[in-house]
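Below is the file coords.tsv, which contains TSV, C-alpha atoms.
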chain	number	residue	atom	x	y	z
A	229	MET	CA	10.52	-21.55	-33.81
A	230	SER	CA	10.29	-23.13	-37.26
A	231	GLU	CA	8.98	-21.40	-40.37
A	232	ARG	CA	5.75	-23.32	-39.98
A	233	GLY	CA	5.41	-22.32	-36.35
A	234	LYS	CA	5.84	-18.63	-37.05
A	235	SER	CA	2.28	-17.88	-38.01
A	236	ILE	CA	0.60	-19.81	-35.20
A	237	ASP	CA	-1.78	-17.63	-33.19
A	238	LEU	CA	-1.12	-18.17	-29.47
A	239	GLY	CA	-4.09	-16.00	-28.52
A	240	PRO	CA	-3.90	-14.70	-24.96
A	241	LEU	CA	-1.24	-17.21	-23.84
A	242	PRO	CA	1.88	-14.99	-24.19
A	243	GLU	CA	0.31	-12.41	-21.85
A	244	LEU	CA	-0.90	-14.89	-19.23
A	245	ILE	CA	1.28	-14.82	-16.11
A	246	GLY	CA	1.03	-18.59	-15.54
A	247	TYR	CA	1.86	-19.54	-19.13
A	248	VAL	CA	4.91	-17.27	-19.37
A	249	LEU	CA	6.06	-18.22	-15.88
A	250	ARG	CA	5.98	-21.88	-16.83
A	251	ARG	CA	7.94	-21.33	-20.04
A	252	ALA	CA	10.51	-19.18	-18.25
A	253	GLN	CA	10.84	-21.69	-15.40
A	254	LEU	CA	11.40	-24.53	-17.89
A	255	ALA	CA	13.94	-22.47	-19.84
A	256	VAL	CA	15.91	-21.79	-16.65
A	257	PHE	CA	15.65	-25.40	-15.47
A	258	GLN	CA	16.85	-26.57	-18.89
A	259	ASP	CA	20.07	-24.64	-18.31
A	260	PHE	CA	20.28	-25.93	-14.72
A	261	PHE	CA	19.78	-29.57	-15.83
A	262	ALA	CA	22.56	-29.27	-18.41
A	263	ALA	CA	24.97	-27.59	-15.98
A	264	PHE	CA	24.32	-29.96	-13.06
A	265	ALA	CA	23.95	-33.18	-15.07
A	266	PRO	CA	27.62	-34.17	-14.54
A	267	PHE	CA	26.82	-34.20	-10.79
A	268	ASP	CA	23.40	-35.81	-11.23
A	269	ILE	CA	21.75	-33.06	-9.18
A	270	ARG	CA	18.28	-31.72	-9.94
A	271	PRO	CA	17.03	-28.29	-8.81
A	272	ALA	CA	14.93	-29.63	-5.91
A	273	GLN	CA	17.85	-31.75	-4.69
A	274	PHE	CA	20.11	-28.72	-4.80
A	275	SER	CA	17.58	-26.72	-2.76
A	276	ALA	CA	17.29	-29.53	-0.19
A	277	LEU	CA	21.07	-29.87	0.15
A	278	THR	CA	21.37	-26.09	0.55
A	279	ILE	CA	18.82	-26.03	3.39
A	280	ILE	CA	20.45	-29.00	5.14
A	281	GLU	CA	23.90	-27.47	4.73
A	282	ARG	CA	22.81	-24.13	6.18
A	283	ASN	CA	20.64	-25.59	8.93
A	284	PRO	CA	22.17	-28.83	10.18
A	285	GLY	CA	19.91	-30.82	12.51
A	286	LEU	CA	16.52	-29.82	11.08
A	287	THR	CA	13.82	-32.50	10.92
A	288	GLN	CA	12.47	-33.89	7.66
A	289	SER	CA	9.21	-31.98	8.20
A	290	GLN	CA	11.03	-28.71	8.72
A	291	VAL	CA	13.08	-29.04	5.54
A	292	ALA	CA	10.05	-30.17	3.53
A	293	GLU	CA	8.07	-27.20	4.82
A	294	ALA	CA	10.84	-24.70	4.10
A	295	LEU	CA	11.00	-26.00	0.53
A	296	GLY	CA	7.23	-26.12	0.13
A	297	ILE	CA	7.53	-29.82	-0.75
A	298	LYS	CA	5.07	-32.45	0.48
A	299	ARG	CA	6.64	-34.47	3.30
A	300	THR	CA	6.11	-37.79	1.45
A	301	ASN	CA	7.91	-36.51	-1.63
A	302	PHE	CA	10.72	-35.12	0.47
A	303	VAL	CA	11.20	-38.48	2.23
A	304	GLY	CA	11.72	-40.12	-1.17
A	305	MET	CA	14.20	-37.45	-2.23
A	306	LEU	CA	16.07	-37.83	1.06
A	307	ASP	CA	16.20	-41.62	0.65
A	308	GLU	CA	18.03	-41.04	-2.61
A	309	LEU	CA	20.41	-38.45	-1.13
A	310	GLU	CA	21.13	-40.83	1.75
A	311	LYS	CA	21.74	-43.77	-0.60
A	312	ARG	CA	24.22	-41.59	-2.49
A	313	CYS	CA	25.92	-40.73	0.84
A	314	LEU	CA	25.30	-36.99	0.42
A	315	ALA	CA	23.00	-36.49	3.42
A	316	GLU	CA	22.16	-38.56	6.47
A	317	ARG	CA	19.40	-38.95	9.03
A	318	ARG	CA	20.44	-39.13	12.68
A	319	GLN	CA	18.10	-39.90	15.55
A	320	ALA	CA	16.93	-36.57	16.97
A	321	ARG	CA	17.15	-35.79	20.68
A	322	ASP	CA	13.45	-36.38	21.17
A	323	LYS	CA	13.95	-39.84	19.57
A	324	ARG	CA	10.69	-39.44	17.69
A	325	SER	CA	12.17	-37.85	14.59
A	326	TYR	CA	15.34	-37.67	12.53
A	327	ALA	CA	17.73	-34.77	12.31
A	328	LEU	CA	19.30	-34.16	8.91
A	329	TYR	CA	22.95	-33.47	8.16
A	330	LEU	CA	25.20	-33.38	5.13
A	331	THR	CA	27.83	-36.10	5.04
A	332	ALA	CA	31.46	-35.17	4.31
A	333	ASP	CA	30.76	-36.22	0.71
A	334	GLY	CA	27.69	-33.99	0.64
A	335	ALA	CA	29.64	-31.02	1.97
A	336	ALA	CA	32.39	-31.64	-0.59
A	337	LEU	CA	29.83	-31.84	-3.40
A	338	MET	CA	28.27	-28.54	-2.32
A	339	ARG	CA	31.69	-26.89	-2.51
A	340	LYS	CA	32.16	-28.27	-6.03
A	341	LEU	CA	28.69	-27.05	-7.05
A	342	LYS	CA	29.25	-23.43	-5.98
A	343	PRO	CA	31.02	-22.31	-9.18
A	344	VAL	CA	28.53	-24.34	-11.27
A	345	LEU	CA	25.64	-22.49	-9.64
A	346	LYS	CA	27.41	-19.15	-10.04
A	347	ALA	CA	27.94	-19.73	-13.77
A	348	HIS	CA	24.33	-20.88	-14.24
A	349	GLU	CA	23.00	-17.81	-12.44
A	350	ALA	CA	25.30	-15.52	-14.44
A	351	ARG	CA	23.87	-16.92	-17.68
A	352	MET	CA	20.34	-16.24	-16.42
A	353	ILE	CA	21.21	-12.72	-15.28
A	354	ALA	CA	22.76	-12.06	-18.70
A	355	ARG	CA	19.30	-12.50	-20.22
A	356	VAL	CA	17.67	-9.71	-18.19
A	357	GLY	CA	20.58	-7.65	-16.81
A	358	GLU	CA	21.37	-7.07	-13.11
A	359	ASP	CA	18.54	-4.55	-12.67
A	360	GLY	CA	16.16	-6.84	-14.54
A	361	ARG	CA	17.08	-9.68	-12.20
A	362	ASP	CA	16.38	-7.55	-9.12
A	363	ARG	CA	13.01	-6.45	-10.49
A	364	LEU	CA	12.15	-9.99	-11.61
A	365	VAL	CA	12.99	-11.58	-8.26
A	366	ALA	CA	11.00	-8.90	-6.38
A	367	LEU	CA	7.96	-9.40	-8.66
A	368	LEU	CA	8.16	-13.18	-8.32
A	369	HIS	CA	8.17	-12.86	-4.53
A	370	GLU	CA	5.08	-10.69	-4.82
A	371	ILE	CA	3.43	-13.40	-6.92
A	372	VAL	CA	4.19	-15.91	-4.16
A	373	ASP	CA	3.45	-13.70	-1.15
A	374	GLY	CA	1.15	-11.00	-2.46
A	375	PRO	CA	2.16	-7.30	-2.59
A	376	ALA	CA	5.42	-6.69	-0.70
A	377	ARG	CA	5.04	-5.06	2.67
A	378	LYS	CA	7.56	-2.24	2.84
A	379	LEU	CA	9.78	-2.54	5.89
A	380	LYS	CA	11.07	0.36	7.97
A	381	ASN	CA	14.38	0.47	6.11
A	382	GLY	CA	12.54	0.84	2.84
A	383	LYS	CA	13.37	-2.64	1.63
A	384	ALA	CA	10.57	-4.93	0.64
A	385	SER	CA	9.97	-8.05	2.67
A	386	ARG	CA	10.88	-11.05	0.58
A	387	ALA	CA	10.57	-14.21	2.64
A	388	PRO	CA	8.82	-16.79	0.43
A	389	ARG	CA	5.81	-18.28	2.13
A	390	ALA	CA	3.33	-20.13	-0.05
A	391	GLY	CA	3.90	-22.11	-3.20
A	392	SER	CA	6.16	-25.10	-3.48
A	393	ALA	CA	9.38	-26.03	-5.22
A	394	GLU	CA	9.13	-29.70	-6.13
A	395	THR	CA	10.93	-31.14	-9.14
B	123	MET	CA	5.38	-20.29	7.40
B	124	SER	CA	5.22	-21.85	10.86
B	125	GLU	CA	6.96	-20.48	13.94
B	126	ARG	CA	9.53	-23.24	13.63
B	127	GLY	CA	10.11	-22.50	9.96
B	128	LYS	CA	10.69	-18.81	10.52
B	129	SER	CA	14.32	-19.03	11.48
B	130	ILE	CA	15.41	-21.41	8.72
B	131	ASP	CA	18.27	-19.99	6.67
B	132	LEU	CA	17.47	-20.41	2.97
B	133	GLY	CA	20.92	-19.15	1.97
B	134	PRO	CA	21.08	-17.93	-1.62
B	135	LEU	CA	17.81	-19.63	-2.69
B	136	PRO	CA	15.43	-16.64	-2.41
B	137	GLU	CA	17.64	-14.64	-4.78
B	138	LEU	CA	18.12	-17.40	-7.36
B	139	ILE	CA	16.03	-16.81	-10.48
B	140	GLY	CA	15.23	-20.51	-10.97
B	141	TYR	CA	14.19	-21.12	-7.37
B	142	VAL	CA	11.89	-18.10	-7.17
B	143	LEU	CA	10.50	-18.77	-10.66
B	144	ARG	CA	9.59	-22.29	-9.64
B	145	ARG	CA	7.86	-21.18	-6.43
B	146	ALA	CA	5.95	-18.45	-8.28
B	147	GLN	CA	4.96	-20.84	-11.07
B	148	LEU	CA	3.66	-23.36	-8.55
B	149	ALA	CA	1.78	-20.65	-6.64
B	150	VAL	CA	0.05	-19.53	-9.85
B	151	PHE	CA	-0.68	-23.09	-10.95
B	152	GLN	CA	-2.14	-23.82	-7.50
B	153	ASP	CA	-4.72	-21.10	-8.13
B	154	PHE	CA	-5.29	-22.36	-11.68
B	155	PHE	CA	-5.79	-25.96	-10.51
B	156	ALA	CA	-8.36	-24.87	-7.93
B	157	ALA	CA	-10.24	-22.65	-10.39
B	158	PHE	CA	-10.28	-25.17	-13.27
B	159	ALA	CA	-10.79	-28.32	-11.19
B	160	PRO	CA	-14.58	-28.28	-11.73
B	161	PHE	CA	-13.84	-28.59	-15.46
B	162	ASP	CA	-10.99	-31.08	-14.98
B	163	ILE	CA	-8.66	-28.93	-17.08
B	164	ARG	CA	-4.95	-28.58	-16.34
B	165	PRO	CA	-2.82	-25.64	-17.54
B	166	ALA	CA	-1.18	-27.56	-20.42
B	167	GLN	CA	-4.58	-28.83	-21.59
B	168	PHE	CA	-5.91	-25.29	-21.55
B	169	SER	CA	-2.95	-24.10	-23.62
B	170	ALA	CA	-3.43	-26.92	-26.13
B	171	LEU	CA	-7.17	-26.23	-26.47
B	172	THR	CA	-6.42	-22.52	-26.96
B	173	ILE	CA	-3.96	-23.22	-29.78
B	174	ILE	CA	-6.34	-25.67	-31.49
B	175	GLU	CA	-9.25	-23.24	-31.12
B	176	ARG	CA	-7.28	-20.36	-32.64
B	177	ASN	CA	-5.59	-22.42	-35.36
B	178	PRO	CA	-7.98	-25.14	-36.55
B	179	GLY	CA	-6.34	-27.73	-38.81
B	180	LEU	CA	-2.81	-27.66	-37.39
B	181	THR	CA	-0.96	-30.97	-37.17
B	182	GLN	CA	0.00	-32.60	-33.88
B	183	SER	CA	3.65	-31.68	-34.44
B	184	GLN	CA	2.80	-28.03	-35.02
B	185	VAL	CA	0.73	-27.73	-31.86
B	186	ALA	CA	3.35	-29.61	-29.82
B	187	GLU	CA	6.07	-27.33	-31.16
B	188	ALA	CA	4.08	-24.14	-30.50
B	189	LEU	CA	3.58	-25.27	-26.90
B	190	GLY	CA	7.16	-26.42	-26.49
B	191	ILE	CA	5.87	-29.87	-25.54
B	192	LYS	CA	7.50	-33.11	-26.68
B	193	ARG	CA	5.46	-34.68	-29.46
B	194	THR	CA	5.05	-37.97	-27.56
B	195	ASN	CA	3.68	-36.18	-24.52
B	196	PHE	CA	1.35	-34.12	-26.66
B	197	VAL	CA	-0.05	-37.24	-28.35
B	198	GLY	CA	-0.98	-38.62	-24.91
B	199	MET	CA	-2.63	-35.36	-23.94
B	200	LEU	CA	-4.54	-35.28	-27.20
B	201	ASP	CA	-5.71	-38.87	-26.72
B	202	GLU	CA	-7.29	-37.76	-23.47
B	203	LEU	CA	-8.89	-34.65	-25.01
B	204	GLU	CA	-10.25	-36.79	-27.84
B	205	LYS	CA	-11.62	-39.40	-25.42
B	206	ARG	CA	-13.40	-36.59	-23.59
B	207	CYS	CA	-14.80	-35.37	-26.95
B	208	LEU	CA	-13.19	-31.93	-26.61
B	209	ALA	CA	-10.86	-32.16	-29.62
B	210	GLU	CA	-10.62	-34.42	-32.62
B	211	ARG	CA	-8.06	-35.62	-35.17
B	212	ARG	CA	-9.11	-35.58	-38.80
B	213	GLN	CA	-7.09	-37.04	-41.66
B	214	ALA	CA	-5.04	-34.19	-43.13
B	215	ARG	CA	-5.03	-33.46	-46.88
B	216	ASP	CA	-1.63	-35.07	-47.32
B	217	LYS	CA	-3.08	-38.24	-45.65
B	218	ARG	CA	0.17	-38.70	-43.74
B	219	SER	CA	-0.81	-36.67	-40.71
B	220	TYR	CA	-3.81	-35.56	-38.68
B	221	ALA	CA	-5.31	-32.13	-38.53
B	222	LEU	CA	-6.65	-31.02	-35.15
B	223	TYR	CA	-9.99	-29.36	-34.41
B	224	LEU	CA	-12.11	-28.58	-31.39
B	225	THR	CA	-15.40	-30.47	-31.25
B	226	ALA	CA	-18.62	-28.56	-30.54
B	227	ASP	CA	-18.22	-29.69	-26.91
B	228	GLY	CA	-14.66	-28.39	-26.90
B	229	ALA	CA	-15.73	-25.03	-28.28
B	230	ALA	CA	-18.54	-24.82	-25.71
B	231	LEU	CA	-16.12	-25.65	-22.91
B	232	MET	CA	-13.72	-22.94	-24.04
B	233	ARG	CA	-16.57	-20.40	-23.89
B	234	LYS	CA	-17.36	-21.52	-20.34
B	235	LEU	CA	-13.69	-21.29	-19.34
B	236	LYS	CA	-13.26	-17.68	-20.49
B	237	PRO	CA	-14.63	-16.05	-17.32
B	238	VAL	CA	-12.79	-18.64	-15.19
B	239	LEU	CA	-9.51	-17.68	-16.85
B	240	LYS	CA	-10.30	-13.99	-16.52
B	241	ALA	CA	-10.96	-14.32	-12.79
B	242	HIS	CA	-7.80	-16.40	-12.27
B	243	GLU	CA	-5.70	-13.85	-14.12
B	244	ALA	CA	-7.28	-10.98	-12.19
B	245	ARG	CA	-6.26	-12.65	-8.91
B	246	MET	CA	-2.69	-12.99	-10.17
B	247	ILE	CA	-2.57	-9.37	-11.39
B	248	ALA	CA	-3.88	-8.25	-7.98
B	249	ARG	CA	-0.67	-9.59	-6.45
B	250	VAL	CA	1.66	-7.38	-8.53
B	251	GLY	CA	-0.57	-4.65	-9.97
B	252	GLU	CA	-1.20	-3.95	-13.68
B	253	ASP	CA	2.21	-2.30	-14.16
B	254	GLY	CA	3.88	-5.11	-12.25
B	255	ARG	CA	2.20	-7.64	-14.53
B	256	ASP	CA	3.46	-5.85	-17.64
B	257	ARG	CA	7.00	-5.68	-16.30
B	258	LEU	CA	6.87	-9.29	-15.10
B	259	VAL	CA	5.62	-10.65	-18.43
B	260	ALA	CA	8.27	-8.67	-20.35
B	261	LEU	CA	11.06	-9.92	-18.06
B	262	LEU	CA	9.84	-13.51	-18.32
B	263	HIS	CA	9.90	-13.28	-22.12
B	264	GLU	CA	13.47	-12.02	-21.86
B	265	ILE	CA	14.32	-15.03	-19.70
B	266	VAL	CA	12.92	-17.31	-22.41
B	267	ASP	CA	14.21	-15.44	-25.46
B	268	GLY	CA	17.19	-13.46	-24.20
B	269	PRO	CA	17.23	-9.64	-24.12
B	270	ALA	CA	14.28	-8.16	-26.01
B	271	ARG	CA	15.08	-6.77	-29.41
B	272	LYS	CA	13.46	-3.34	-29.64
B	273	LEU	CA	11.22	-3.05	-32.68
B	274	LYS	CA	10.77	0.07	-34.78
B	275	ASN	CA	7.61	1.11	-32.94
B	276	GLY	CA	9.52	1.00	-29.67
B	277	LYS	CA	7.77	-2.09	-28.41
B	278	ALA	CA	9.85	-5.07	-27.40
B	279	SER	CA	9.52	-8.27	-29.39
B	280	ARG	CA	7.81	-10.86	-27.25
B	281	ALA	CA	7.26	-14.02	-29.25
B	282	PRO	CA	8.21	-16.92	-26.98
B	283	ARG	CA	10.71	-19.23	-28.65
B	284	ALA	CA	12.58	-21.64	-26.43
B	285	GLY	CA	11.47	-23.33	-23.23
B	286	SER	CA	8.52	-25.61	-22.91
B	287	ALA	CA	5.17	-25.61	-21.18
B	288	GLU	CA	4.43	-29.18	-20.19
B	289	THR	CA	2.35	-30.01	-17.15

Let's see the structure in the file written out as structure tokens.
Amino acid sequence: MSERGKSIDLGPLPELIGYVLRRAQLAVFQDFFAAFAPFDIRPAQFSALTIIERNPGLTQSQVAEALGIKRTNFVGMLDELEKRCLAERRQARDKRSYALYLTADGAALMRKLKPVLKAHEARMIARVGEDGRDRLVALLHEIVDGPARKLKNGKASRAPRAGSAET
Amino acid sequence: MSERGKSIDLGPLPELIGYVLRRAQLAVFQDFFAAFAPFDIRPAQFSALTIIERNPGLTQSQVAEALGIKRTNFVGMLDELEKRCLAERRQARDKRSYALYLTADGAALMRKLKPVLKAHEARMIARVGEDGRDRLVALLHEIVDGPARKLKNGKASRAPRAGSAET
């Protein structure tokens, strides 16, 4: 912040969950953008490729839903991934929908991205520490899902449900 | 999440700070959008109006910088706020820039929005509890600023510095 900016009164903003969440999300994405720029991969594309890689054969609707992305937006993103030969649509068995798969190029890219992701995440963890990361991720899941329901083994349930991850 | 979606393997995504931050931010903004829709106010507009209200006479660059918004984007936002008679530009003393002020309508709107904001924030706090909110906000500031520097009184420094809050 510049000398001029120092004395600006932000009022309640720095204590508002939404305001601070947005600034933190943008700070993290800024690092992600810089790290993944050489591969021309944005966060939402990375998430989509991850889901397709881990769950080959899902339909467009299923991937869109898992990501919390609107189907129309996901179709556009997939068009781009398909044009770049990273993912492909194949006619599904019921012939009414498409099943999604990574191409060989897509699978190779994901292997190349693993260390990039690891380094990005390590830089983020360095800001809050390992314990801080665990607490932060748990709290963020509570923001998405409401208070965690404790499971029998004492671990909190963390499956994300609502919200969306478009970018 | 639908029955079909239940078994989808999200891989490392639910533990990645950026992914969970984005989903939490969108979940909070979803509530904000719904609550502020009757007033046609988006989160970034609310932040801008708050800064102008608390710091009458700042220049466009100063407000943009405080919000972490690109100046060009802020000028567009301000055009809209001015067209709606909520804020106004006045020639600054140095005559080379504009000083920003709320109009009477803008000030009246901000008074009306106070209980709306309070109710929105209360719903968010209900998801994590008061202590959870405090821990979450502190961790998010660390994500933006790096590890908190402890001050003499034992409280962590929290002034947001990097990142941006455009929407």

Of B:Arg249, B:Lys205, B:Arg257, B:Lys192, the one sitting nearest chain A when using only C-alpha atoms is B:Arg249

Shortest contact to Asp373 (chain A), candidates B:Ile191, B:Met246, B:Gln184, B:Cys207, atoms counted all atoms listed in the file, goes to B:Met246

Counting only C-alpha atoms, the residue among A:Ser325, A:Gln319, A:Ser289, A:Asn283 that lies closest to chain B is A:Asn283

* To do: With a cut-off of 7 Å and counting only C-alpha atoms, select all residues of chain A in contact with chain B and give the selection as an MDAnalysis selection string.
  => chainID A and resid 229 233 236:239 243 245:246 248:257 279 282:283 290 294 352 355:356 360 364:365 367:372 374:375 389:393

Selection: 10 Å around Asp333 (chain A), all atoms listed in the file, excl. self and same-chain fewer than 2 positions, as number ranges by chain: A: 312-315, 330-331, 335-339

Separating CA of Leu171 (chain B) from CA of Glu252 (chain B), to the nearest tenth of an Å, is a gap of 26.4 Å

Notebook entry, point to check: How far is it from CA of Arg215 (chain B) to CA of Val197 (chain B), in Å with one decimal?
Noted result: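 Between CA of Arg215 (chain B) and CA of Val197 (chain B) the gap is 19.6 Å.
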
> Which value, in Å to one decimal, gives the distance between CA of Arg212 (chain B) and CA of Phe158 (chain B)?
Replying inline: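 Taking CA of Arg212 (chain B) as the start and CA of Phe158 (chain B) as the end point, the length is 27.6 Å.
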
Env of Gln288 (chain A): 9 Å cut, atoms = all atoms listed in the file, seq-sep filter 5 positions within chain, self excluded. Answer as a short mmCIF file (atom, residue, chain, number, x, y, z; two decimals) with C-alpha atoms, in the frame of the given file.
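Output contents, as saved in out-v9.cif:
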data_model
loop_
_atom_site.label_atom_id
_atom_site.label_comp_id
_atom_site.auth_asym_id
_atom_site.auth_seq_id
_atom_site.Cartn_x
_atom_site.Cartn_y
_atom_site.Cartn_z
CA GLU A 293 8.07 -27.20 4.82
CA ARG A 299 6.64 -34.47 3.30
CA PHE A 302 10.72 -35.12 0.47
CA VAL A 303 11.20 -38.48 2.23
CA LEU A 306 16.07 -37.83 1.06
CA ARG A 317 19.40 -38.95 9.03
CA SER A 325 12.17 -37.85 14.59
CA TYR A 326 15.34 -37.67 12.53
CA ALA A 327 17.73 -34.77 12.31
CA LEU A 328 19.30 -34.16 8.91
#
